[in-house]
file work.pdb (PDB, C-alpha atoms (C1' of nucleotides))
ATOM      1  CA  MET A1476     -46.405  14.182 -16.445
ATOM      2  CA  SER A1477     -49.208  13.216 -18.878
ATOM      3  CA  ASP A1478     -49.334   9.526 -19.701
ATOM      4  CA  PRO A1479     -47.641   8.893 -23.013
ATOM      5  CA  ILE A1480     -49.850   7.058 -25.478
ATOM      6  CA  ARG A1481     -48.563   3.567 -26.172
ATOM      7  CA  ARG A1482     -49.702   1.226 -28.902
ATOM      8  CA  SER A1483     -49.229  -2.500 -28.594
ATOM      9  CA  THR A1484     -47.135  -4.045 -31.324
ATOM     10  CA  LYS A1485     -45.752  -7.481 -32.122
ATOM     11  CA  GLN A1486     -42.243  -6.197 -31.533
ATOM     12  CA  ARG A1487     -42.942  -4.899 -28.054
ATOM     13  CA  ALA A1488     -44.717  -8.122 -27.158
ATOM     14  CA  ALA A1489     -41.759 -10.177 -28.378
ATOM     15  CA  ILE A1490     -39.302  -8.023 -26.452
ATOM     16  CA  TYR A1491     -41.390  -8.224 -23.327
ATOM     17  CA  ASP A1492     -41.612 -12.009 -23.630
ATOM     18  CA  VAL A1493     -37.864 -12.389 -23.906
ATOM     19  CA  VAL A1494     -37.221 -10.191 -20.907
ATOM     20  CA  GLN A1495     -39.729 -12.177 -18.877
ATOM     21  CA  GLN A1496     -38.131 -15.456 -19.842
ATOM     22  CA  LEU A1497     -34.466 -14.583 -19.394
ATOM     23  CA  PRO A1498     -33.075 -14.996 -15.893
ATOM     24  CA  ASN A1499     -30.918 -12.241 -14.412
ATOM     25  CA  PHE A1500     -29.794  -9.041 -16.058
ATOM     26  CA  HIS A1501     -29.052  -8.682 -19.760
ATOM     27  CA  SER A1502     -28.053  -5.864 -22.054
ATOM     28  CA  ALA A1503     -30.246  -4.508 -24.804
ATOM     29  CA  GLN A1504     -27.929  -6.124 -27.312
ATOM     30  CA  ASP A1505     -28.193  -9.496 -25.578
ATOM     31  CA  ILE A1506     -31.940  -9.263 -25.772
ATOM     32  CA  HIS A1507     -31.782  -8.277 -29.407
ATOM     33  CA  ALA A1508     -29.527 -11.265 -30.116
ATOM     34  CA  GLU A1509     -31.914 -13.600 -28.311
ATOM     35  CA  LEU A1510     -34.797 -12.190 -30.333
ATOM     36  CA  THR A1511     -32.905 -12.782 -33.578
ATOM     37  CA  GLN A1512     -32.045 -16.287 -32.397
ATOM     38  CA  ARG A1513     -35.735 -16.987 -32.025
ATOM     39  CA  GLY A1514     -36.473 -15.721 -35.490
ATOM     40  CA  SER A1515     -38.086 -12.454 -34.439
ATOM     41  CA  ARG A1516     -36.548  -9.883 -36.699
ATOM     42  CA  VAL A1517     -36.785  -6.753 -34.579
ATOM     43  CA  GLY A1518     -34.639  -3.706 -35.119
ATOM     44  CA  LEU A1519     -32.013  -2.884 -32.534
ATOM     45  CA  SER A1520     -33.351   0.653 -32.193
ATOM     46  CA  THR A1521     -36.746  -0.763 -31.391
ATOM     47  CA  VAL A1522     -35.272  -2.929 -28.656
ATOM     48  CA  TYR A1523     -33.578   0.082 -27.114
ATOM     49  CA  ARG A1524     -36.727   2.158 -27.364
ATOM     50  CA  ALA A1525     -38.971  -0.527 -25.949
ATOM     51  CA  LEU A1526     -36.675  -1.335 -23.060
ATOM     52  CA  SER A1527     -36.264   2.239 -21.963
ATOM     53  CA  ALA A1528     -40.005   2.762 -22.223
ATOM     54  CA  MET A1529     -40.624  -0.307 -20.089
ATOM     55  CA  ALA A1530     -38.020   0.813 -17.588
ATOM     56  CA  ASN A1531     -39.717   4.179 -17.484
ATOM     57  CA  ASP A1532     -43.055   2.569 -16.835
ATOM     58  CA  GLY A1533     -41.565   0.409 -14.117
ATOM     59  CA  ASP A1534     -42.272  -2.779 -16.051
ATOM     60  CA  VAL A1535     -38.659  -3.864 -16.065
ATOM     61  CA  ASP A1536     -35.802  -3.429 -13.700
ATOM     62  CA  THR A1537     -32.546  -1.766 -14.682
ATOM     63  CA  LEU A1538     -28.976  -1.912 -13.445
ATOM     64  CA  LEU A1539     -26.069   0.255 -14.522
ATOM     65  CA  ARG A1540     -22.909  -1.781 -14.873
ATOM     66  CA  ASP A1541     -19.478  -0.429 -13.948
ATOM     67  CA  ASP A1542     -18.605   0.206 -17.584
ATOM     68  CA  GLY A1543     -21.785   2.196 -18.115
ATOM     69  CA  GLU A1544     -23.772  -0.430 -19.982
ATOM     70  CA  THR A1545     -27.407  -0.661 -18.971
ATOM     71  CA  LEU A1546     -28.814  -4.062 -18.076
ATOM     72  CA  TYR A1547     -32.471  -5.046 -17.965
ATOM     73  CA  ARG A1548     -34.376  -7.709 -16.127
ATOM     74  CA  GLN A1549     -37.937  -8.732 -15.454
ATOM     75  CA  CYS A1550     -39.304  -7.007 -12.409
ATOM     76  CA  ALA A1551     -40.802  -9.263  -9.774
ATOM     77  CA  ASP A1552     -42.499  -6.498  -7.877
ATOM     78  CA  SER A1553     -42.411  -2.921  -9.006
ATOM     79  CA  ALA A1554     -41.754  -1.702  -5.489
ATOM     80  CA  HIS A1555     -38.461  -0.061  -4.700
ATOM     81  CA  HIS A1556     -35.698  -2.545  -4.002
ATOM     82  CA  HIS A1557     -32.006  -3.240  -4.478
ATOM     83  CA  HIS A1558     -29.826  -6.081  -5.707
ATOM     84  CA  LEU A1559     -27.215  -8.461  -4.487
ATOM     85  CA  VAL A1560     -25.367  -9.472  -7.638
ATOM     86  CA  CYS A1561     -22.745 -12.154  -8.119
ATOM     87  CA  ARG A1562     -19.755 -10.592  -9.815
ATOM     88  CA  GLN A1563     -18.894 -13.849 -11.512
ATOM     89  CA  CYS A1564     -22.078 -15.476 -12.754
ATOM     90  CA  GLY A1565     -24.447 -12.533 -12.567
ATOM     91  CA  ALA A1566     -26.956 -14.278 -10.337
ATOM     92  CA  THR A1567     -29.165 -11.667  -8.774
ATOM     93  CA  ILE A1568     -31.087 -11.580  -5.558
ATOM     94  CA  GLU A1569     -33.582  -8.846  -4.889
ATOM     95  CA  VAL A1570     -33.162  -7.328  -1.477
ATOM     96  CA  ASP A1571     -35.248  -4.913   0.417
ATOM     97  CA  GLY A1572     -33.781  -2.472   2.886
ATOM     98  CA  PRO A1573     -36.095  -0.427   5.041
ATOM     99  CA  THR A1574     -33.110   0.524   7.156
ATOM    100  CA  VAL A1575     -31.294   1.994   4.202
ATOM    101  CA  GLU A1576     -34.354   3.827   2.983
ATOM    102  CA  ILE A1577     -34.739   5.491   6.324
ATOM    103  CA  TRP A1578     -31.057   6.233   6.547
ATOM    104  CA  THR A1579     -30.898   7.956   3.158
ATOM    105  CA  GLN A1580     -33.958  10.038   4.014
ATOM    106  CA  HIS A1581     -32.324  10.982   7.246
ATOM    107  CA  ILE A1582     -29.036  11.998   5.623
ATOM    108  CA  ALA A1583     -30.851  14.047   3.010
ATOM    109  CA  ALA A1584     -32.989  15.798   5.596
ATOM    110  CA  GLN A1585     -29.940  16.509   7.673
ATOM    111  CA  HIS A1586     -28.429  18.440   4.768
ATOM    112  CA  ASP A1587     -31.750  19.999   3.802
ATOM    113  CA  PHE A1588     -31.981  18.217   0.458
ATOM    114  CA  ASP A1589     -35.361  17.341  -1.020
ATOM    115  CA  ASP A1590     -36.605  15.325  -3.991
ATOM    116  CA  VAL A1591     -34.362  12.491  -2.864
ATOM    117  CA  SER A1592     -33.568   9.243  -4.631
ATOM    118  CA  HIS A1593     -30.732   6.807  -4.357
ATOM    119  CA  THR A1594     -28.926   3.948  -6.018
ATOM    120  CA  LEU A1595     -27.576   0.970  -4.154
ATOM    121  CA  GLU A1596     -26.178  -2.273  -5.432
ATOM    122  CA  ILE A1597     -24.267  -4.934  -3.562
ATOM    123  CA  PHE A1598     -21.705  -7.019  -5.419
ATOM    124  CA  GLY A1599     -20.084 -10.223  -4.241
ATOM    125  CA  ARG A1600     -19.379 -13.835  -5.041
ATOM    126  CA  CYS A1601     -22.136 -16.383  -4.664
ATOM    127  CA  PRO A1602     -21.655 -19.769  -2.941
ATOM    128  CA  GLN A1603     -21.794 -21.667  -6.251
ATOM    129  CA  CYS A1604     -19.004 -19.612  -7.770
ATOM    130  CA  ARG A1605     -16.907 -19.874  -4.642
ATOM    131  CA  ALA A1606     -17.273 -23.663  -4.719
ATOM    132  CA  GLY A1607     -16.636 -23.952  -8.468
TER     133      GLY A1607
ATOM    134  CA  MET B  49      -0.468  -7.630  -8.423
ATOM    135  CA  SER B  50       3.058  -6.141  -8.708
ATOM    136  CA  ASP B  51       3.149  -2.392  -8.259
ATOM    137  CA  PRO B  52       3.183  -0.744 -11.637
ATOM    138  CA  ILE B  53       6.163   1.566 -12.078
ATOM    139  CA  ARG B  54       5.048   5.151 -12.427
ATOM    140  CA  ARG B  55       7.134   8.073 -13.633
ATOM    141  CA  SER B  56       6.266  11.602 -12.676
ATOM    142  CA  THR B  57       5.600  13.884 -15.595
ATOM    143  CA  LYS B  58       4.503  17.483 -16.069
ATOM    144  CA  GLN B  59       1.234  16.283 -17.544
ATOM    145  CA  ARG B  60       0.313  14.129 -14.601
ATOM    146  CA  ALA B  61       1.206  16.927 -12.204
ATOM    147  CA  ALA B  62      -0.969  19.369 -14.131
ATOM    148  CA  ILE B  63      -3.884  16.945 -14.181
ATOM    149  CA  TYR B  64      -3.518  16.252 -10.492
ATOM    150  CA  ASP B  65      -3.451  19.980  -9.729
ATOM    151  CA  VAL B  66      -6.628  20.633 -11.651
ATOM    152  CA  VAL B  67      -8.465  17.803  -9.942
ATOM    153  CA  GLN B  68      -7.352  19.073  -6.553
ATOM    154  CA  GLN B  69      -8.497  22.588  -7.331
ATOM    155  CA  LEU B  70     -11.872  21.869  -8.896
ATOM    156  CA  PRO B  71     -14.789  21.492  -6.503
ATOM    157  CA  ASN B  72     -17.216  18.602  -6.947
ATOM    158  CA  PHE B  73     -17.206  15.962  -9.630
ATOM    159  CA  HIS B  74     -16.097  16.551 -13.204
ATOM    160  CA  SER B  75     -15.709  14.421 -16.291
ATOM    161  CA  ALA B  76     -12.379  13.642 -17.905
ATOM    162  CA  GLN B  77     -13.354  15.945 -20.737
ATOM    163  CA  ASP B  78     -14.168  18.772 -18.336
ATOM    164  CA  ILE B  79     -10.770  18.385 -16.788
ATOM    165  CA  HIS B  80      -9.118  18.330 -20.186
ATOM    166  CA  ALA B  81     -10.978  21.512 -21.124
ATOM    167  CA  GLU B  82      -9.889  23.211 -17.908
ATOM    168  CA  LEU B  83      -6.310  22.177 -18.601
ATOM    169  CA  THR B  84      -6.485  23.658 -22.089
ATOM    170  CA  GLN B  85      -8.050  26.791 -20.655
ATOM    171  CA  ARG B  86      -5.032  27.188 -18.421
ATOM    172  CA  GLY B  87      -2.645  26.788 -21.300
ATOM    173  CA  SER B  88      -1.510  23.271 -20.456
ATOM    174  CA  ARG B  89      -1.656  21.410 -23.719
ATOM    175  CA  VAL B  90      -2.221  17.851 -22.572
ATOM    176  CA  GLY B  91      -3.657  15.154 -24.791
ATOM    177  CA  LEU B  92      -7.116  13.851 -24.030
ATOM    178  CA  SER B  93      -5.872  10.268 -23.969
ATOM    179  CA  THR B  94      -3.343  11.249 -21.360
ATOM    180  CA  VAL B  95      -6.050  12.762 -19.207
ATOM    181  CA  TYR B  96      -8.067   9.565 -19.392
ATOM    182  CA  ARG B  97      -5.054   7.422 -18.631
ATOM    183  CA  ALA B  98      -3.892   9.574 -15.726
ATOM    184  CA  LEU B  99      -7.342   9.775 -14.160
ATOM    185  CA  SER B 100      -7.981   6.066 -14.279
ATOM    186  CA  ALA B 101      -4.530   5.418 -12.856
ATOM    187  CA  MET B 102      -5.194   7.849 -10.014
ATOM    188  CA  ALA B 103      -8.583   6.300  -9.386
ATOM    189  CA  ASN B 104      -6.927   2.918  -9.301
ATOM    190  CA  ASP B 105      -4.397   4.117  -6.767
ATOM    191  CA  GLY B 106      -7.148   5.640  -4.669
ATOM    192  CA  ASP B 107      -5.824   9.152  -5.200
ATOM    193  CA  VAL B 108      -9.065  10.425  -6.669
ATOM    194  CA  ASP B 109     -12.680   9.620  -6.108
ATOM    195  CA  THR B 110     -14.972   8.419  -8.885
ATOM    196  CA  LEU B 111     -18.696   8.486  -9.494
ATOM    197  CA  LEU B 112     -20.626   6.813 -12.287
ATOM    198  CA  ARG B 113     -23.351   9.067 -13.596
ATOM    199  CA  ASP B 114     -26.728   7.745 -14.744
ATOM    200  CA  ASP B 115     -25.741   8.047 -18.398
ATOM    201  CA  GLY B 116     -22.577   6.054 -17.807
ATOM    202  CA  GLU B 117     -20.098   8.927 -17.866
ATOM    203  CA  THR B 118     -17.398   8.677 -15.220
ATOM    204  CA  LEU B 119     -16.789  11.681 -12.988
ATOM    205  CA  TYR B 120     -13.686  12.377 -10.921
ATOM    206  CA  ARG B 121     -13.040  14.409  -7.840
ATOM    207  CA  GLN B 122     -10.312  15.031  -5.316
ATOM    208  CA  CYS B 123     -10.471  12.565  -2.511
ATOM    209  CA  ALA B 124     -10.625  14.086   0.942
ATOM    210  CA  ASP B 125      -9.979  10.893   2.787
ATOM    211  CA  SER B 126      -9.383   7.646   1.046
ATOM    212  CA  ALA B 127     -11.627   5.808   3.470
ATOM    213  CA  HIS B 128     -14.808   4.247   2.185
ATOM    214  CA  HIS B 129     -17.676   6.688   1.967
ATOM    215  CA  HIS B 130     -20.688   7.692  -0.095
ATOM    216  CA  HIS B 131     -22.117  10.852  -1.615
ATOM    217  CA  LEU B 132     -25.119  13.069  -1.398
ATOM    218  CA  VAL B 133     -25.190  14.825  -4.755
ATOM    219  CA  CYS B 134     -27.368  17.720  -5.901
ATOM    220  CA  ARG B 135     -28.983  16.740  -9.161
ATOM    221  CA  GLN B 136     -29.056  20.352 -10.312
ATOM    222  CA  CYS B 137     -25.767  22.005  -9.387
ATOM    223  CA  GLY B 138     -23.658  18.938  -8.668
ATOM    224  CA  ALA B 139     -22.739  20.014  -5.158
ATOM    225  CA  THR B 140     -21.470  16.991  -3.301
ATOM    226  CA  ILE B 141     -21.438  16.108   0.344
ATOM    227  CA  GLU B 142     -19.460  13.152   1.558
ATOM    228  CA  VAL B 143     -21.455  10.947   3.860
ATOM    229  CA  ASP B 144     -20.468   8.062   5.975
ATOM    230  CA  GLY B 145     -22.848   5.243   6.767
ATOM    231  CA  PRO B 146     -21.843   2.663   9.328
ATOM    232  CA  THR B 147     -25.432   1.476   9.343
ATOM    233  CA  VAL B 148     -25.387   0.764   5.648
ATOM    234  CA  GLU B 149     -22.035  -0.943   5.811
ATOM    235  CA  ILE B 150     -23.306  -3.296   8.443
ATOM    236  CA  TRP B 151     -26.531  -3.852   6.600
ATOM    237  CA  THR B 152     -24.842  -4.806   3.331
ATOM    238  CA  GLN B 153     -22.519  -7.185   5.161
ATOM    239  CA  HIS B 154     -25.511  -8.707   6.815
ATOM    240  CA  ILE B 155     -27.457  -9.166   3.582
ATOM    241  CA  ALA B 156     -24.437 -10.699   1.876
ATOM    242  CA  ALA B 157     -23.791 -13.087   4.757
ATOM    243  CA  GLN B 158     -27.431 -14.069   4.787
ATOM    244  CA  HIS B 159     -27.143 -15.223   1.177
ATOM    245  CA  ASP B 160     -23.709 -16.715   1.715
ATOM    246  CA  PHE B 161     -21.927 -14.273  -0.590
ATOM    247  CA  ASP B 162     -18.326 -13.306   0.083
ATOM    248  CA  ASP B 163     -15.876 -10.768  -1.348
ATOM    249  CA  VAL B 164     -18.550  -8.128  -0.936
ATOM    250  CA  SER B 165     -18.541  -4.543  -2.106
ATOM    251  CA  HIS B 166     -21.278  -2.053  -2.798
ATOM    252  CA  THR B 167     -22.147   1.200  -4.488
ATOM    253  CA  LEU B 168     -24.430   3.779  -2.956
ATOM    254  CA  GLU B 169     -25.191   7.308  -4.039
ATOM    255  CA  ILE B 170     -27.932   9.608  -2.867
ATOM    256  CA  PHE B 171     -29.323  12.189  -5.268
ATOM    257  CA  GLY B 172     -31.487  15.163  -4.407
ATOM    258  CA  ARG B 173     -31.903  18.911  -4.654
ATOM    259  CA  CYS B 174     -29.846  21.119  -2.398
ATOM    260  CA  PRO B 175     -31.341  24.075  -0.460
ATOM    261  CA  GLN B 176     -29.668  26.639  -2.738
ATOM    262  CA  CYS B 177     -31.176  25.152  -5.873
ATOM    263  CA  ARG B 178     -34.589  24.852  -4.263
ATOM    264  CA  ALA B 179     -34.450  28.541  -3.326
ATOM    265  CA  GLY B 180     -33.125  29.667  -6.719
TER     266      GLY B 180
ATOM    267  C1'  DA C 884      26.919  14.365 -18.062
ATOM    268  C1'  DA C 885      25.816  11.078 -21.448
ATOM    269  C1'  DC C 886      23.500   6.414 -22.127
ATOM    270  C1'  DG C 887      19.928   3.313 -22.590
ATOM    271  C1'  DA C 888      15.845   0.790 -21.448
ATOM    272  C1'  DT C 889      11.245   1.650 -21.071
ATOM    273  C1'  DA C 890       7.379   4.363 -19.367
ATOM    274  C1'  DT C 891       4.751   8.133 -21.264
ATOM    275  C1'  DT C 892       2.847  11.084 -24.463
ATOM    276  C1'  DG C 893      -0.364  12.680 -28.124
ATOM    277  C1'  DA C 894      -2.619  12.804 -32.593
ATOM    278  C1'  DC C 895      -5.642   9.972 -34.638
ATOM    279  C1'  DA C 896      -8.295   5.988 -35.629
ATOM    280  C1'  DA C 897     -11.140   2.586 -33.807
ATOM    281  C1'  DT C 898     -14.678   0.722 -30.618
ATOM    282  C1'  DC C 899     -18.889   0.288 -28.511
ATOM    283  C1'  DG C 900     -23.217   1.368 -26.484
ATOM    284  C1'  DT C 901     -26.798   4.255 -27.469
ATOM    285  C1'  DT C 902     -29.603   7.895 -29.881
ATOM    286  C1'  DT C 903     -31.272  10.229 -33.866
ATOM    287  C1'  DT C 904     -33.080  10.656 -38.469
ATOM    288  C1'  DC C 905     -36.519   9.952 -41.572
ATOM    289  C1'  DA C 906     -39.118   7.494 -44.857
ATOM    290  C1'  DT C 907     -42.289   3.631 -44.430
ATOM    291  C1'  DT C 908     -45.534   0.857 -41.949
ATOM    292  C1'  DT C 909     -49.069  -0.013 -38.551
ATOM    293  C1'  DA C 910     -52.439   0.460 -34.689
ATOM    294  C1'  DG C 911     -56.674   1.790 -33.351
ATOM    295  C1'  DG C 912     -60.339   5.277 -32.842
ATOM    296  C1'  DA C 913     -63.751   7.791 -35.786
TER     297       DA C 913
ATOM    298  C1'  DT D 623     -62.726   1.898 -44.360
ATOM    299  C1'  DC D 624     -60.046   6.232 -43.372
ATOM    300  C1'  DC D 625     -57.126   8.926 -41.022
ATOM    301  C1'  DT D 626     -53.705  10.455 -37.925
ATOM    302  C1'  DA D 627     -50.254   9.815 -34.922
ATOM    303  C1'  DA D 628     -47.366   6.192 -32.949
ATOM    304  C1'  DA D 629     -44.040   2.761 -34.080
ATOM    305  C1'  DT D 630     -40.637   0.652 -36.821
ATOM    306  C1'  DG D 631     -36.020  -0.179 -38.896
ATOM    307  C1'  DA D 632     -31.891   0.722 -41.579
ATOM    308  C1'  DA D 633     -28.388   3.603 -41.516
ATOM    309  C1'  DA D 634     -25.983   7.500 -39.942
ATOM    310  C1'  DA D 635     -24.716  10.214 -36.049
ATOM    311  C1'  DC D 636     -23.067  10.615 -31.477
ATOM    312  C1'  DG D 637     -20.223  10.701 -27.372
ATOM    313  C1'  DA D 638     -17.337   8.660 -24.090
ATOM    314  C1'  DT D 639     -13.596   5.870 -23.897
ATOM    315  C1'  DT D 640      -9.733   2.894 -25.533
ATOM    316  C1'  DG D 641      -6.204   1.328 -28.806
ATOM    317  C1'  DT D 642      -2.220   2.284 -32.008
ATOM    318  C1'  DC D 643       2.266   3.621 -32.669
ATOM    319  C1'  DA D 644       5.967   6.680 -33.616
ATOM    320  C1'  DA D 645       8.174  10.361 -31.082
ATOM    321  C1'  DT D 646       9.583  11.904 -26.551
ATOM    322  C1'  DA D 647      10.828  12.131 -21.689
ATOM    323  C1'  DT D 648      12.138   9.964 -17.293
ATOM    324  C1'  DC D 649      15.413   7.947 -14.293
ATOM    325  C1'  DG D 650      18.647   4.487 -12.787
ATOM    326  C1'  DT D 651      23.138   3.333 -14.376
ATOM    327  C1'  DT D 652      27.650   4.145 -16.312
TER     328       DT D 652
END
call {"tool": "encode", "arguments": {"input": "work.pdb", "output": "structure tokens"}}
result
Amino acid sequence: MSDPIRRSTKQRAAIYDVVQQLPNFHSAQDIHAELTQRGSRVGLSTVYRALSAMANDGDVDTLLRDDGETLYRQCADSAHHHHLVCRQCGATIEVDGPTVEIWTQHIAAQHDFDDVSHTLEIFGRCPQCRAG
Amino acid sequence: MSDPIRRSTKQRAAIYDVVQQLPNFHSAQDIHAELTQRGSRVGLSTVYRALSAMANDGDVDTLLRDDGETLYRQCADSAHHHHLVCRQCGATIEVDGPTVEIWTQHIAAQHDFDDVSHTLEIFGRCPQCRAG
DNA sequence: AACGATATTGACAATCGTTTTCATTTAGGA
DNA sequence: TCCTAAATGAAAACGATTGTCAATATCGTT
């Protein structure tokens, strides 16, 4: 539980910048490619390490895709929230569900579980993609 | 969309039996190991193929773990439902959430999304594990 | 019961995302 | 500046899953 010491490096700054600038969710490899594109030669391992550290610190938002790949995105507010994601174009809307939070707590309590967390993602097709 | 033709084989039967008999969620590799244990020499590829086919047909229930590994379990009722899973021992309770269903529909409609689905899992620590 | 088309199997290689290793570099306090 | 531990990166290791393809088994037909 002790705060891990973290030094600020050019690489981490570059990675952070890219994540902030990219819309929607992207894989570590995407981000690495974008970095390379921009001329920042950062190792892939470093990208993975930095992203998971940021996710750990709550500085970026993560989403586990159906095939198990982890996607990262800038985090508007670090509060707990969920996502409505377009299956086709990946557009993401952050949603907030007090109802669901209460419901999960209730279910857990009902079965005498503690230390409760949950994952919830909504997938669908956005109006743009339906029109297109 | 045409129904794939499916022949019944000893291997598939054996795999199905194991899944039916094992409690909670297990990985394809777990199931393969159990099969080997019992003397059924079934190829690992076959286990993977059979399980994803069964999942596709709605004959077994799947869960995507945090690290991306897919877990399978016998499916009590094929109706839509969610899970309350013990992080420690893996004990699983099937839960049903009309509230959540309605809420996700509502959120999707609000943002004009259609063809909506969602994933929801609750993780926690069960009373047994807390006591132990 | 034998036939034949094709679905299925299984050993193995290949893939792909991610993690580890470890020697080298770098940040940042003393 | 010096020093120590954190950070980096190239490459290898890893682990789950999928592809390959020749051999085999299923099942409707003869």
call {"tool": "resolve_selection", "arguments": {"input": "work.pdb", "expression": "the PyMOL selection byres ((chain D) within 8 of (chain A))", "output": "list in words"}}
result
DA628, DA629, DT630 and DG631 of chain D
call {"tool": "resolve_selection", "arguments": {"input": "work.pdb", "expression": "the PyMOL selection byres ((chain A) within 8 of (chain B))", "output": "ChimeraX atom specification"}}
result
/A:1539,1541-1544,1559,1561,1570,1574-1575,1578-1579,1582-1583,1586-1602
call {"tool": "resolve_selection", "arguments": {"input": "work.pdb", "expression": "the PyMOL selection byres ((chain C and resi 897) around 8)", "output": "VMD selection string"}}
result
(chain C and resid 896 898) or (chain D and resid 641)
call {"tool": "atom_distance", "arguments": {"input": "work.pdb", "atom1": "C1' of DT639 (chain D)", "atom2": "CA of Ala76 (chain B)"}}
result
9.9 Å
call {"tool": "closest_atom_pairs", "arguments": {"input": "work.pdb", "of": "chain C", "to": "chain A", "cutoff": "12 Å", "atoms": "all atoms listed in the file", "output": "JSON lines"}}
result
{"residue": "C:DC899", "atom": "C1'", "partner": "A:Glu1544", "partner_atom": "CA", "distance": 9.9}
{"residue": "C:DG900", "atom": "C1'", "partner": "A:Glu1544", "partner_atom": "CA", "distance": 6.8}
{"residue": "C:DT901", "atom": "C1'", "partner": "A:Tyr1523", "partner_atom": "CA", "distance": 8.0}
{"residue": "C:DT902", "atom": "C1'", "partner": "A:Ser1520", "partner_atom": "CA", "distance": 8.5}
{"residue": "C:DT903", "atom": "C1'", "partner": "A:Ser1520", "partner_atom": "CA", "distance": 9.9}
{"residue": "C:DT904", "atom": "C1'", "partner": "A:Ser1520", "partner_atom": "CA", "distance": 11.8}
{"residue": "C:DT908", "atom": "C1'", "partner": "A:Thr1484", "partner_atom": "CA", "distance": 11.8}
{"residue": "C:DT909", "atom": "C1'", "partner": "A:Thr1484", "partner_atom": "CA", "distance": 8.5}
{"residue": "C:DA910", "atom": "C1'", "partner": "A:Arg1482", "partner_atom": "CA", "distance": 6.4}
{"residue": "C:DG911", "atom": "C1'", "partner": "A:Arg1482", "partner_atom": "CA", "distance": 8.3}
call {"tool": "residues_around", "arguments": {"input": "work.pdb", "residues": "DC886 (chain C)", "least_positions_apart": "4", "cutoff": "12 Å", "atoms": "only C-alpha atoms (C1' of nucleotides)", "output": "number ranges by chain"}}
result
D: 649-652
call {"tool": "write_last_selection", "arguments": {"input": "work.pdb", "atoms": "C-alpha atoms (C1' of nucleotides)", "output": "PDB file, in the coordinates of the input"}}
result
ATOM      1  C1'  DC D 649      15.413   7.947 -14.293  1.00  0.00           C
ATOM      2  C1'  DG D 650      18.647   4.487 -12.787  1.00  0.00           C
ATOM      3  C1'  DT D 651      23.138   3.333 -14.376  1.00  0.00           C
ATOM      4  C1'  DT D 652      27.650   4.145 -16.312  1.00  0.00           C
TER       5       DT D 652
END
call {"tool": "atom_distance", "arguments": {"input": "work.pdb", "atom1": "CA of His80 (chain B)", "atom2": "CA of Glu142 (chain B)"}}
result
24.6 Å
call {"tool": "atom_distance", "arguments": {"input": "work.pdb", "atom1": "CA of Ala1508 (chain A)", "atom2": "CA of Lys1485 (chain A)"}}
result
16.8 Å
call {"tool": "axis_aligned_box", "arguments": {"input": "work.pdb", "around": "region 628-647 of chain D", "padding_each_side": "3 Å", "output": "JSON"}}
result
{"center_x": -18.3, "center_y": 6.0, "center_z": -31.6, "size_x": 64.2, "size_y": 18.3, "size_z": 25.9}
